[in-house]
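> Pasting input_14.cif here (mmCIF, C-alpha atoms and all ligand atoms):
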```cif
data_entry
loop_
_atom_site.label_atom_id
_atom_site.label_comp_id
_atom_site.auth_asym_id
_atom_site.auth_seq_id
_atom_site.Cartn_x
_atom_site.Cartn_y
_atom_site.Cartn_z
CA MET A 1 -8.65 -55.61 71.58
CA SER A 2 -8.37 -57.80 74.67
CA ASP A 3 -11.03 -60.36 75.60
CA SER A 4 -12.08 -58.33 78.52
CA SER A 5 -12.74 -55.23 76.42
CA ILE A 6 -14.91 -57.27 73.98
CA PHE A 7 -16.78 -58.60 76.94
CA ASN A 8 -17.26 -55.15 78.33
CA ARG A 9 -18.47 -53.83 75.01
CA ARG A 10 -21.09 -56.60 74.78
CA LYS A 11 -22.24 -55.87 78.24
CA PHE A 12 -22.48 -52.20 77.40
CA LEU A 13 -24.49 -52.90 74.21
CA GLY A 14 -26.80 -55.19 76.09
CA ALA A 15 -27.40 -52.60 78.73
CA SER A 16 -28.11 -49.81 76.29
CA LEU A 17 -30.52 -51.94 74.22
CA ALA A 18 -32.44 -52.80 77.33
CA GLY A 19 -32.55 -49.08 78.10
CA ALA A 20 -33.89 -48.26 74.64
CA GLY A 21 -36.62 -50.87 75.01
CA VAL A 22 -37.89 -49.23 78.15
CA ALA A 23 -37.88 -45.81 76.55
CA LEU A 24 -39.82 -47.02 73.49
CA SER A 25 -42.59 -48.79 75.32
CA ALA A 26 -43.00 -45.88 77.67
CA LYS A 27 -43.41 -43.36 74.89
CA GLN A 28 -45.26 -45.55 72.36
CA THR A 29 -44.60 -43.01 69.63
CA LEU A 30 -42.66 -45.25 67.25
CA ALA A 31 -43.98 -48.35 65.43
CA GLN A 32 -44.22 -51.47 67.59
CA ALA A 33 -41.23 -53.72 67.00
CA LYS A 34 -42.19 -56.67 64.78
CA PRO A 35 -40.12 -59.20 62.82
CA ASP A 36 -38.20 -57.31 60.17
CA PRO A 37 -35.55 -58.99 57.98
CA LEU A 38 -33.39 -55.89 58.45
CA ILE A 39 -33.27 -56.83 62.10
CA THR A 40 -33.55 -60.61 62.02
CA ASP A 41 -31.29 -61.41 58.99
CA VAL A 42 -27.58 -60.80 58.80
CA GLN A 43 -26.95 -58.20 56.09
CA ASP A 44 -24.07 -58.19 53.57
CA TRP A 45 -22.39 -55.23 55.22
CA GLN A 46 -22.19 -57.25 58.39
CA ARG A 47 -21.30 -60.57 56.76
CA TYR A 48 -18.31 -59.35 54.69
CA LEU A 49 -15.34 -57.19 55.43
CA GLY A 50 -15.74 -53.65 54.21
CA ASP A 51 -13.27 -51.86 51.93
CA GLY A 52 -10.02 -50.84 53.54
CA VAL A 53 -9.23 -47.24 54.32
CA ASP A 54 -10.16 -45.03 51.40
CA LYS A 55 -7.77 -45.42 48.45
CA ARG A 56 -8.96 -42.11 47.08
CA PRO A 57 -6.86 -39.32 48.54
CA TYR A 58 -9.90 -37.08 48.98
CA GLY A 59 -13.17 -38.42 50.34
CA THR A 60 -16.62 -38.10 48.80
CA PRO A 61 -20.15 -38.50 50.23
CA SER A 62 -21.85 -41.89 50.52
CA LYS A 63 -23.11 -43.35 47.22
CA PHE A 64 -26.61 -43.14 48.70
CA GLU A 65 -26.43 -39.36 48.70
CA LYS A 66 -26.39 -38.94 44.90
CA ASN A 67 -29.28 -36.46 45.02
CA VAL A 68 -27.35 -34.01 47.10
CA ILE A 69 -26.00 -31.90 44.26
CA ARG A 70 -25.89 -28.38 42.91
CA ARG A 71 -28.40 -27.90 40.11
CA ASP A 72 -28.93 -25.24 37.48
CA VAL A 73 -31.93 -23.92 35.60
CA PRO A 74 -30.94 -24.47 31.95
CA TRP A 75 -33.15 -21.75 30.43
CA LEU A 76 -32.07 -19.07 32.91
CA THR A 77 -28.85 -17.92 31.26
CA ALA A 78 -27.49 -17.91 27.71
CA SER A 79 -24.11 -19.50 28.44
CA PRO A 80 -22.56 -21.62 31.18
CA GLU A 81 -19.66 -19.15 31.59
CA SER A 82 -22.01 -16.42 32.70
CA SER A 83 -24.37 -18.48 34.77
CA VAL A 84 -25.31 -19.80 38.14
CA ASN A 85 -26.00 -23.08 39.89
CA PHE A 86 -27.85 -23.46 43.16
CA THR A 87 -27.15 -24.82 46.65
CA PRO A 88 -29.41 -27.83 47.51
CA LEU A 89 -30.75 -26.21 50.67
CA HIS A 90 -33.43 -28.88 51.13
CA GLU A 91 -30.76 -31.58 51.51
CA LEU A 92 -28.67 -29.78 54.11
CA ASP A 93 -28.86 -29.22 57.84
CA GLY A 94 -27.10 -27.15 60.47
CA ILE A 95 -25.64 -23.87 59.23
CA ILE A 96 -22.45 -24.71 57.32
CA THR A 97 -22.64 -25.28 53.58
CA PRO A 98 -20.22 -28.03 52.48
CA SER A 99 -17.69 -26.47 50.09
CA GLY A 100 -18.63 -28.72 47.16
CA LEU A 101 -22.30 -27.69 47.41
CA CYS A 102 -21.86 -23.90 47.54
CA PHE A 103 -23.74 -22.26 44.68
CA GLU A 104 -21.56 -20.67 42.01
CA ARG A 105 -22.07 -17.46 40.10
CA HIS A 106 -19.59 -16.39 37.46
CA HIS A 107 -19.71 -13.63 34.87
CA SER A 108 -16.96 -15.04 32.65
CA GLY A 109 -16.29 -18.55 33.86
CA ILE A 110 -13.91 -19.88 36.49
CA ALA A 111 -10.40 -18.42 36.49
CA GLU A 112 -7.81 -21.15 37.17
CA ILE A 113 -4.95 -19.35 38.89
CA ASP A 114 -1.71 -20.83 40.15
CA PRO A 115 -1.25 -19.18 43.55
CA ALA A 116 2.44 -18.70 42.75
CA SER A 117 1.37 -16.43 39.86
CA HIS A 118 -1.28 -14.51 41.77
CA ARG A 119 -0.68 -10.95 42.91
CA LEU A 120 -2.77 -8.47 44.88
CA MET A 121 -2.07 -4.80 44.24
CA ILE A 122 -3.19 -1.89 46.40
CA ASN A 123 -2.93 1.48 44.65
CA GLY A 124 -4.61 4.88 44.41
CA LEU A 125 -4.92 7.17 47.42
CA VAL A 126 -2.32 5.38 49.55
CA GLU A 127 1.04 6.40 51.00
CA LYS A 128 2.75 3.30 49.62
CA PRO A 129 1.33 1.35 46.66
CA LEU A 130 1.93 -2.34 47.39
CA VAL A 131 1.94 -5.68 45.61
CA PHE A 132 1.42 -8.82 47.68
CA THR A 133 2.14 -12.42 46.75
CA MET A 134 0.04 -15.19 48.29
CA ASP A 135 3.04 -16.04 50.49
CA ASP A 136 3.07 -12.42 51.74
CA ILE A 137 -0.63 -12.66 52.59
CA ARG A 138 -0.20 -15.95 54.43
CA ARG A 139 2.40 -14.35 56.70
CA MET A 140 -0.02 -11.68 57.92
CA PRO A 141 -2.28 -12.03 61.01
CA ARG A 142 -5.29 -14.27 60.26
CA VAL A 143 -8.95 -14.24 61.20
CA ASN A 144 -11.65 -16.95 61.07
CA LYS A 145 -15.29 -15.95 60.54
CA ILE A 146 -18.54 -17.60 59.46
CA TYR A 147 -20.67 -15.51 57.09
CA PHE A 148 -23.50 -16.04 54.63
CA LEU A 149 -23.06 -14.93 51.03
CA GLU A 150 -26.32 -14.23 49.21
CA CYS A 151 -26.44 -13.18 45.56
CA ALA A 152 -28.58 -10.05 45.21
CA ALA A 153 -30.50 -11.98 42.52
CA ASN A 154 -31.53 -14.77 44.91
CA SER A 155 -35.34 -15.18 44.56
CA GLY A 156 -35.10 -12.75 41.63
CA MET A 157 -37.32 -14.94 39.44
CA GLU A 158 -40.21 -14.62 41.91
CA TRP A 159 -40.97 -10.88 41.62
CA ARG A 160 -43.99 -11.38 39.36
CA GLY A 161 -45.34 -14.46 41.11
CA ALA A 162 -44.41 -18.00 42.14
CA GLN A 163 -42.19 -19.51 39.48
CA LEU A 164 -39.53 -22.07 40.40
CA ASN A 165 -40.50 -25.26 42.18
CA GLY A 166 -37.95 -25.89 44.88
CA CYS A 167 -36.13 -23.89 47.55
CA GLN A 168 -32.91 -24.89 45.81
CA PHE A 169 -34.01 -22.68 42.89
CA THR A 170 -35.97 -19.97 44.73
CA HIS A 171 -33.46 -19.49 47.57
CA GLY A 172 -30.34 -21.50 46.67
CA MET A 173 -28.09 -18.56 45.76
CA VAL A 174 -26.87 -18.47 49.33
CA HIS A 175 -24.11 -20.28 51.18
CA ASN A 176 -22.54 -20.07 54.61
CA VAL A 177 -18.97 -21.12 55.28
CA MET A 178 -16.11 -20.36 57.61
CA TYR A 179 -13.52 -18.12 55.99
CA THR A 180 -9.88 -17.85 56.93
CA GLY A 181 -7.92 -14.87 55.71
CA VAL A 182 -6.50 -11.46 56.49
CA SER A 183 -8.72 -8.56 57.44
CA LEU A 184 -8.83 -5.92 54.72
CA LYS A 185 -7.95 -3.29 57.33
CA THR A 186 -4.62 -5.01 57.99
CA LEU A 187 -3.74 -4.79 54.29
CA LEU A 188 -4.96 -1.20 53.89
CA ASP A 189 -3.04 -0.11 57.00
CA GLU A 190 0.09 -1.57 55.47
CA ALA A 191 -0.37 0.65 52.39
CA GLY A 192 -1.43 3.68 54.47
CA VAL A 193 -4.78 5.06 53.30
CA LYS A 194 -4.73 8.82 52.64
CA SER A 195 -7.12 11.06 54.60
CA ASN A 196 -9.26 11.97 51.57
CA ALA A 197 -9.95 8.30 50.73
CA LYS A 198 -13.66 7.39 50.73
CA TRP A 199 -14.11 4.45 48.38
CA LEU A 200 -12.34 1.26 47.37
CA MET A 201 -12.58 -0.48 44.04
CA LEU A 202 -12.20 -4.26 44.18
CA GLU A 203 -11.19 -5.96 40.94
CA GLY A 204 -11.11 -9.63 39.97
CA ALA A 205 -8.51 -11.39 37.85
CA ASP A 206 -11.13 -13.37 35.89
CA ALA A 207 -11.95 -12.73 32.22
CA ALA A 208 -14.78 -10.43 33.38
CA GLY A 209 -12.34 -8.38 35.43
CA MET A 210 -15.37 -7.98 37.64
CA ASN A 211 -15.14 -4.85 39.76
CA ARG A 212 -17.21 -3.04 42.37
CA SER A 213 -16.93 0.12 44.46
CA LEU A 214 -17.00 -0.37 48.22
CA PRO A 215 -17.31 2.42 50.83
CA ILE A 216 -14.03 2.56 52.72
CA GLN A 217 -15.76 2.45 56.14
CA LYS A 218 -17.08 -1.03 55.30
CA GLY A 219 -13.66 -2.06 54.02
CA LEU A 220 -12.04 -1.01 57.31
CA ASP A 221 -14.84 -2.48 59.42
CA ASP A 222 -15.29 -6.23 58.91
CA CYS A 223 -14.16 -7.22 55.39
CA ILE A 224 -11.69 -10.04 54.86
CA LEU A 225 -9.56 -11.24 51.99
CA ALA A 226 -9.95 -14.99 52.40
CA PHE A 227 -7.78 -17.78 51.08
CA ALA A 228 -9.58 -20.65 52.83
CA MET A 229 -13.14 -21.80 53.36
CA ASN A 230 -14.28 -24.53 55.74
CA GLY A 231 -10.69 -25.21 56.75
CA GLU A 232 -9.16 -25.81 53.32
CA ALA A 233 -8.13 -23.66 50.39
CA LEU A 234 -10.97 -21.89 48.55
CA ARG A 235 -12.43 -23.89 45.70
CA SER A 236 -11.51 -22.53 42.24
CA GLU A 237 -15.16 -21.66 41.64
CA GLN A 238 -15.23 -19.66 44.86
CA GLY A 239 -12.27 -17.48 43.88
CA TYR A 240 -9.09 -19.49 44.53
CA PRO A 241 -6.58 -18.34 45.59
CA LEU A 242 -8.10 -15.16 47.12
CA ARG A 243 -11.56 -13.62 47.42
CA ALA A 244 -13.19 -10.66 49.11
CA VAL A 245 -15.58 -11.35 52.00
CA ILE A 246 -18.00 -8.45 52.48
CA PRO A 247 -20.18 -9.59 55.41
CA GLY A 248 -23.93 -9.05 55.05
CA TRP A 249 -23.61 -7.26 51.70
CA GLU A 250 -24.76 -8.48 48.29
CA GLY A 251 -22.77 -11.38 46.86
CA ASN A 252 -21.72 -9.42 43.79
CA MET A 253 -19.38 -7.30 45.93
CA TRP A 254 -17.49 -10.38 47.17
CA VAL A 255 -14.99 -10.14 44.32
CA LYS A 256 -13.42 -13.51 43.55
CA TRP A 257 -9.87 -14.04 42.30
CA ILE A 258 -9.22 -10.55 43.67
CA ARG A 259 -6.15 -8.94 42.11
CA ARG A 260 -6.42 -5.22 42.86
CA ILE A 261 -7.81 -2.73 45.34
CA GLU A 262 -7.78 0.88 44.25
CA VAL A 263 -8.35 3.55 46.89
CA GLY A 264 -10.28 6.63 45.71
CA ASP A 265 -12.58 9.42 46.79
CA GLN A 266 -15.71 8.48 44.83
CA PRO A 267 -17.42 5.38 43.46
CA TRP A 268 -16.24 4.16 40.05
CA GLN A 269 -19.74 3.61 38.58
CA THR A 270 -18.79 0.22 37.18
CA ARG A 271 -21.18 -1.85 35.10
CA GLU A 272 -21.98 -3.97 38.15
CA GLU A 273 -23.28 -0.95 40.12
CA THR A 274 -25.07 0.94 37.33
CA SER A 275 -26.71 -1.15 34.62
CA LYS A 276 -26.64 -4.20 36.95
CA TYR A 277 -27.29 -4.50 40.68
CA THR A 278 -29.58 -1.47 40.70
CA ASP A 279 -33.33 -1.85 41.21
CA LEU A 280 -35.72 -0.26 38.71
CA LEU A 281 -38.75 1.10 40.57
CA ALA A 282 -42.30 1.42 39.22
CA ASP A 283 -41.88 5.18 38.55
CA GLY A 284 -38.80 4.66 36.38
CA ARG A 285 -36.24 5.71 38.98
CA SER A 286 -33.62 3.23 40.17
CA ARG A 287 -32.37 2.33 43.61
CA LYS A 288 -28.58 2.28 43.60
CA HIS A 289 -25.90 1.16 46.06
CA THR A 290 -28.33 -1.23 47.72
CA PHE A 291 -25.52 -3.09 49.38
CA ILE A 292 -27.07 -4.72 52.46
CA MET A 293 -29.02 -7.98 52.29
CA ASP A 294 -32.11 -7.57 54.47
CA ALA A 295 -33.46 -10.26 56.78
CA LYS A 296 -34.88 -13.29 55.00
CA SER A 297 -35.86 -16.87 55.73
CA VAL A 298 -37.15 -19.97 54.00
CA VAL A 299 -38.57 -23.29 55.10
CA THR A 300 -36.28 -25.86 53.48
CA ASN A 301 -38.26 -28.93 54.65
CA PRO A 302 -40.96 -29.49 53.63
CA SER A 303 -40.50 -27.85 50.23
CA PRO A 304 -41.24 -28.90 46.62
CA GLN A 305 -38.12 -31.10 46.35
CA ALA A 306 -38.65 -32.47 49.87
CA PRO A 307 -42.34 -33.37 50.24
CA LEU A 308 -43.86 -34.64 53.48
CA LYS A 309 -43.77 -38.44 53.65
CA PHE A 310 -45.41 -39.26 56.96
CA LYS A 311 -48.41 -38.30 58.98
CA GLY A 312 -47.81 -37.80 62.69
CA ARG A 313 -44.41 -36.72 63.93
CA ASN A 314 -42.52 -34.41 61.54
CA VAL A 315 -39.69 -31.89 61.64
CA LEU A 316 -40.12 -28.59 59.83
CA SER A 317 -36.70 -27.07 59.20
CA GLY A 318 -35.44 -23.86 57.68
CA LEU A 319 -32.85 -21.12 57.44
CA ALA A 320 -32.90 -17.45 58.36
CA TRP A 321 -30.31 -14.71 57.95
CA SER A 322 -29.80 -10.96 58.03
CA GLY A 323 -27.11 -8.71 56.61
CA ARG A 324 -27.71 -6.28 59.49
CA GLY A 325 -26.88 -8.54 62.42
CA THR A 326 -28.15 -11.71 64.04
CA VAL A 327 -31.48 -13.49 63.65
CA LYS A 328 -33.53 -12.67 66.71
CA ARG A 329 -36.65 -14.73 66.03
CA VAL A 330 -38.31 -16.78 63.30
CA ASP A 331 -42.08 -17.21 63.23
CA VAL A 332 -43.69 -20.01 61.25
CA SER A 333 -47.25 -20.21 59.96
CA MET A 334 -48.91 -23.40 58.73
CA ASP A 335 -52.09 -21.67 57.55
CA GLY A 336 -50.89 -19.01 55.15
CA GLY A 337 -50.12 -16.31 57.71
CA ARG A 338 -53.23 -16.37 59.93
CA ASN A 339 -51.55 -17.95 62.94
CA TRP A 340 -47.87 -17.83 63.78
CA GLN A 341 -45.69 -19.71 66.24
CA SER A 342 -42.08 -19.08 67.15
CA ALA A 343 -39.64 -21.59 65.71
CA ARG A 344 -36.83 -23.07 67.78
CA LEU A 345 -33.42 -21.69 66.77
CA ASP A 346 -30.81 -24.40 67.13
CA GLY A 347 -27.07 -24.29 66.64
CA PRO A 348 -24.93 -21.16 66.64
CA VAL A 349 -26.77 -17.86 66.12
CA LEU A 350 -23.99 -15.74 64.64
CA ASP A 351 -23.70 -12.25 63.19
CA LYS A 352 -24.47 -12.20 59.44
CA SER A 353 -24.63 -15.98 59.29
CA LEU A 354 -27.30 -18.48 58.33
CA THR A 355 -29.28 -19.57 61.39
CA ARG A 356 -31.11 -22.91 61.58
CA PHE A 357 -34.67 -23.12 62.85
CA TYR A 358 -37.06 -25.98 63.55
CA VAL A 359 -40.72 -26.59 64.38
CA ASP A 360 -41.44 -30.12 65.61
CA PHE A 361 -45.07 -30.81 64.67
CA ASP A 362 -47.71 -33.48 64.19
CA TRP A 363 -49.31 -33.65 60.75
CA SER A 364 -52.78 -35.13 60.39
CA GLY A 365 -52.74 -34.93 56.59
CA GLN A 366 -54.49 -31.58 56.22
CA GLU A 367 -53.49 -29.16 53.48
CA MET A 368 -51.07 -26.51 54.77
CA MET A 369 -49.72 -23.16 53.60
CA ILE A 370 -46.30 -22.95 55.22
CA GLN A 371 -44.49 -19.64 55.68
CA SER A 372 -41.58 -18.36 57.73
CA ARG A 373 -40.85 -14.79 58.81
CA ALA A 374 -37.50 -13.67 60.20
CA MET A 375 -36.86 -10.84 62.62
CA ASP A 376 -33.32 -9.57 63.09
CA SER A 377 -31.40 -7.90 65.92
CA THR A 378 -32.35 -4.43 64.62
CA GLY A 379 -36.07 -5.29 65.00
CA TYR A 380 -36.58 -5.42 61.21
CA VAL A 381 -39.26 -7.94 60.19
CA GLN A 382 -39.15 -9.80 56.86
CA PRO A 383 -41.97 -8.37 54.68
CA SER A 384 -44.62 -10.21 52.69
CA LYS A 385 -44.12 -10.25 48.92
CA ASP A 386 -47.04 -7.85 48.51
CA GLU A 387 -45.63 -5.40 51.05
CA LEU A 388 -42.36 -5.50 49.16
CA ARG A 389 -44.05 -4.94 45.78
CA LYS A 390 -45.90 -1.90 47.14
CA VAL A 391 -42.55 -0.19 47.68
CA ARG A 392 -40.47 -1.75 44.92
CA GLY A 393 -42.91 -2.56 42.09
CA VAL A 394 -42.24 -5.68 40.01
CA ASN A 395 -39.41 -4.54 37.70
CA SER A 396 -36.72 -5.56 40.15
CA ILE A 397 -34.49 -8.57 39.89
CA TYR A 398 -32.47 -8.03 43.04
CA HIS A 399 -33.18 -7.90 46.77
CA ASN A 400 -36.36 -9.97 46.93
CA ASN A 401 -36.58 -10.95 50.61
CA GLY A 402 -40.36 -11.49 50.67
CA ILE A 403 -42.00 -14.28 52.68
CA GLN A 404 -42.11 -17.60 50.78
CA THR A 405 -45.25 -19.77 50.79
CA TRP A 406 -45.23 -23.53 50.26
CA LEU A 407 -48.55 -25.32 49.70
CA VAL A 408 -48.44 -28.81 51.22
CA ARG A 409 -51.18 -30.99 49.73
CA ALA A 410 -52.97 -33.80 51.57
CA ASN A 411 -50.66 -36.34 49.87
CA GLY A 412 -47.61 -34.46 51.10
CA GLU A 413 -46.63 -33.01 47.72
CA THR A 414 -45.44 -29.45 48.10
CA GLU A 415 -45.60 -26.56 45.68
CA ASN A 416 -44.38 -22.97 45.34
CA VAL A 417 -47.47 -20.72 45.57
CA GLU A 418 -48.43 -17.20 46.46
CA ILE A 419 -51.38 -16.13 48.51
CA GLY A 420 -53.36 -13.53 46.56
N1 LIG B 1 -16.08 -12.05 41.29
C1 LIG B 1 -15.55 -12.15 40.06
N2 LIG B 1 -14.27 -11.84 39.89
N3 LIG B 1 -16.30 -12.57 39.01
C2 LIG B 1 -17.63 -12.89 39.16
O1 LIG B 1 -18.26 -13.27 38.17
N4 LIG B 1 -19.57 -12.99 40.69
C3 LIG B 1 -20.13 -12.29 41.84
C4 LIG B 1 -19.25 -12.46 43.08
N5 LIG B 1 -17.88 -12.23 42.76
C5 LIG B 1 -18.23 -12.76 40.45
C6 LIG B 1 -17.40 -12.35 41.51
C7 LIG B 1 -21.48 -12.66 42.19
S1 LIG B 1 -22.75 -11.96 41.29
C8 LIG B 1 -21.76 -13.42 43.29
S2 LIG B 1 -23.34 -13.70 43.78
C9 LIG B 1 -20.70 -14.07 44.07
O2 LIG B 1 -19.41 -13.77 43.57
C10 LIG B 1 -20.89 -15.57 44.03
O3 LIG B 1 -19.93 -16.21 44.81
P1 LIG B 1 -19.81 -17.80 44.73
O4 LIG B 1 -19.61 -18.18 43.29
O5 LIG B 1 -18.72 -18.16 45.65
O6 LIG B 1 -21.13 -18.35 45.23
CO CO B 2 -24.57 -12.48 42.43
#
```
How does this structure look as structure tokens?

Amino acid sequence: MSDSSIFNRRKFLGASLAGAGVALSAKQTLAQAKPDPLITDVQDWQRYLGDGVDKRPYGTPSKFEKNVIRRDVPWLTASPESSVNFTPLHELDGIITPSGLCFERHHSGIAEIDPASHRLMINGLVEKPLVFTMDDIRRMPRVNKIYFLECAANSGMEWRGAQLNGCQFTHGMVHNVMYTGVSLKTLLDEAGVKSNAKWLMLEGADAAGMNRSLPIQKGLDDCILAFAMNGEALRSEQGYPLRAVIPGWEGNMWVKWIRRIEVGDQPWQTREETSKYTDLLADGRSRKHTFIMDAKSVVTNPSPQAPLKFKGRNVLSGLAWSGRGTVKRVDVSMDGGRNWQSARLDGPVLDKSLTRFYVDFDWSGQEMMIQSRAMDSTGYVQPSKDELRKVRGVNSIYHNNGIQTWLVRANGETENVEIG
């Protein structure tokens, strides 16, 4: 750096500080500047040289972000191989979930597959049964798309009343990443689907051999077989080297480690679409093939793991999504649903993607009952939990998209509650 550029930089800093001073005194919303050792004393990080460029080949978050982790609920499942951990939604912002924080759900643990040994077969009602290597798939035309994945069991513990204390646990079986892959239509066209084909069966290469039936129209519409997420290869726990992306539909259908697609003329009635992922109603009948994830939202801040710390200026933040399209509007109530105001959507509002919303508000320390209600591009409005129970009863595990209530106490502590 030449002397003149140092000089210029100083001048620039000086000018911008003077500018900031004017802005502060004019607004008078922040604390008056007073002597503070963090301003007046030289700190270690300024006194000493920092570490050189990272010696680790792959970077990690700052050591001050140790709380930003996936968590599980130990009593929820019998074994870690057939279990789940949850995305820390209350620690995140924007709409993209960092790959290392995406919740995981496995039925028989994580398959570790060398991509050189992975194969994808397409068979059944096709002109030409085919087997693809990963190299074959990488030579086909690619697409990039951002989609949410929500497990059908997200919020499943809450059917009979408020249970888990934190949006990480009540709503954290959702993530939103950018996928890179090949559209399923491209692969099916290559094999030549026969005219009587109506259903696909997607099968995983994990020890569960997890499989689901998928209507062929959906398969030809917007599904992807992805090999990358957020710009790099899928993580093993997310299905490396290849997973199905079934936009807007329940997470269970997004078969990981996908090894086979069979084309047929009727659903296969697999375990995952009969004894599981069906919804037992109050009269003993079951809803089946409930593929689409309806509009849903949650306030992530404040929430039980992220209490309010300050009176005065605050940012309420949350996420909304719909498996039927885009989020049109999110309303927020601070008084348990009596009064509603429209939240500000900020950042990209994409089809079948998480959408970020904010309400900038002043808090005087009063108790609040915070709720959010999403409306999607079809006009569908997220129901209250009671409205949902009237139709669905309380036997269900899956597809609970009812409105969440957080009670914020006068000391800022926040709790999962329901309004009776
Ligand atoms: N695919 C296989 N092969 N095995 C599995 O156990 N779990 C399913 C689905 N695909 C599963 C699978 C379920 S229930 C969900 S919710 C999603 O994967 C979870 O995807 P994630 O682990 O990337 O969050
Ligand atoms: Co699931």
> Sort by chain and increasing residue number a table of all residues of chain A within 6 Å of ligand CO 2 (chain B), each with its closest pair of atoms and their distance in Å to one decimal, counting only C-alpha atoms and all ligand atoms, and write it as a Markdown table.

```
| residue | atom | partner | partner_atom | distance |
| --- | --- | --- | --- | --- |
| A:Cys151 | CA | B:CO2 | CO | 3.7 |
| A:Ala152 | CA | B:CO2 | CO | 5.5 |
| A:Ala153 | CA | B:CO2 | CO | 6.0 |
| A:Gly251 | CA | B:CO2 | CO | 4.9 |
| A:Asn252 | CA | B:CO2 | CO | 4.4 |
```
> Residues contacting ligand LIG 1 (chain B) - anything with an atom at most 6 Å away, using all atoms listed in the file - can you give me those as a list of chain:residue names?
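Going residue by residue within 6 Å of ligand LIG 1 (chain B), we get A:Phe103, A:Glu104, A:Arg105, A:His106, A:His107, A:Ser108, A:Cys151, A:Gly204, A:Asp206, A:Gly209, A:Met210, A:Glu237, A:Gln238, A:Gly251, A:Asn252, A:Met253, A:Trp254, A:Val255, A:Lys256, A:Trp257.
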> So what do you get for atom CA of Pro61 of chain A versus atom CA of Thr97 of chain A, distance-wise?
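Between atom CA of Pro61 of chain A and atom CA of Thr97 of chain A the gap works out to 13.9 Å.
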> Show which residues sit within 6 Å of segment 216-230 of chain A, as a PyMOL selection string. Count all atoms listed in the file, and ignore same-chain residues fewer than 3 positions away.
chain A and resi 177-185+198-200+233-234+241-246
> Need the shell around Asp346 of chain A: protein/DNA/RNA residues with any atom at most 9 Å away, counting only C-alpha atoms. Skip same-chain ones fewer than 6 positions apart. Format as a list of chain:residue names?
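Neighbouring residues, sequence-local ones excluded: A:Gly94, A:Thr355, A:Arg356, A:Phe357, A:Tyr358.
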> Can you find the residues with an atom no farther than 12 Å from (-25.3, -28.5, 47.0), counting all atoms listed in the file, and report them as a ChimeraX atom specification?
/A:61,65-72,85-93,96-104,167-169,172-176
> Distance atom CA of Tyr380 of chain A-atom CA of Thr170 of chain A, one decimal place?
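Going from atom CA of Tyr380 of chain A over to atom CA of Thr170 of chain A, I get 22.0 Å.
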> At what distance in Å, to one decimal, does atom CA of Leu354 of chain A lie from atom CA of Lys145 of chain A?
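Separation between atom CA of Lys145 of chain A and atom CA of Leu354 of chain A: 12.5 Å.
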> Around (-38.4, -3.6, 44.3) in the file's own coordinates, what residues are found within 10 Å if you use all atoms listed in the file, given back as a short mmCIF file (atom, residue, chain, number, x, y, z; two decimals) with C-alpha atoms, in the coordinates of the input?

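Output below, filename out_20.cif:
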```
data_model
loop_
_atom_site.label_atom_id
_atom_site.label_comp_id
_atom_site.auth_asym_id
_atom_site.auth_seq_id
_atom_site.Cartn_x
_atom_site.Cartn_y
_atom_site.Cartn_z
CA TRP A 159 -40.97 -10.88 41.62
CA THR A 278 -29.58 -1.47 40.70
CA ASP A 279 -33.33 -1.85 41.21
CA LEU A 280 -35.72 -0.26 38.71
CA LEU A 281 -38.75 1.10 40.57
CA ALA A 282 -42.30 1.42 39.22
CA SER A 286 -33.62 3.23 40.17
CA ARG A 287 -32.37 2.33 43.61
CA LYS A 385 -44.12 -10.25 48.92
CA LEU A 388 -42.36 -5.50 49.16
CA ARG A 389 -44.05 -4.94 45.78
CA LYS A 390 -45.90 -1.90 47.14
CA VAL A 391 -42.55 -0.19 47.68
CA ARG A 392 -40.47 -1.75 44.92
CA GLY A 393 -42.91 -2.56 42.09
CA VAL A 394 -42.24 -5.68 40.01
CA ASN A 395 -39.41 -4.54 37.70
CA SER A 396 -36.72 -5.56 40.15
CA ILE A 397 -34.49 -8.57 39.89
CA TYR A 398 -32.47 -8.03 43.04
CA HIS A 399 -33.18 -7.90 46.77
CA ASN A 400 -36.36 -9.97 46.93
CA ASN A 401 -36.58 -10.95 50.61
#
```
> Would you list the contacts of Met368 of chain A as a list in words, taking every protein, DNA or RNA residue within 7 Å and counting all atoms listed in the file, but skipping same-chain residues closer than 5 positions in sequence?
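Using all atoms listed in the file, the neighbours found are Met334, Asp335, Leu407, Val408 and Arg409 of chain A.
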> Please provide the set of residues having any atom within 9 Å of Val131 of chain A, restricted to all atoms listed in the file, with same-chain residues fewer than 5 positions apart removed, written as a ChimeraX atom specification.
/A:119-123,260
> Here is a test: counting all atoms listed in the file, which residue of A:Arg56, A:Lys63, A:Arg324, A:Arg338 is nearest to Ile419 of chain A?
A:Arg338
> Kindly indicate which residue among A:Leu130, A:Leu345, A:Val330, A:Leu164 lies nearest to Glu415 of chain A, using all atoms listed in the file for the distances.
A:Leu164
> Let me make sure I understand: among A:Leu149, A:Ile95, A:Leu49, A:Leu187, which one has the smallest atom-to-atom distance to Ile137 of chain A if we use all atoms listed in the file?
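Of all the options, A:Leu187 lies closest to Ile137 of chain A.
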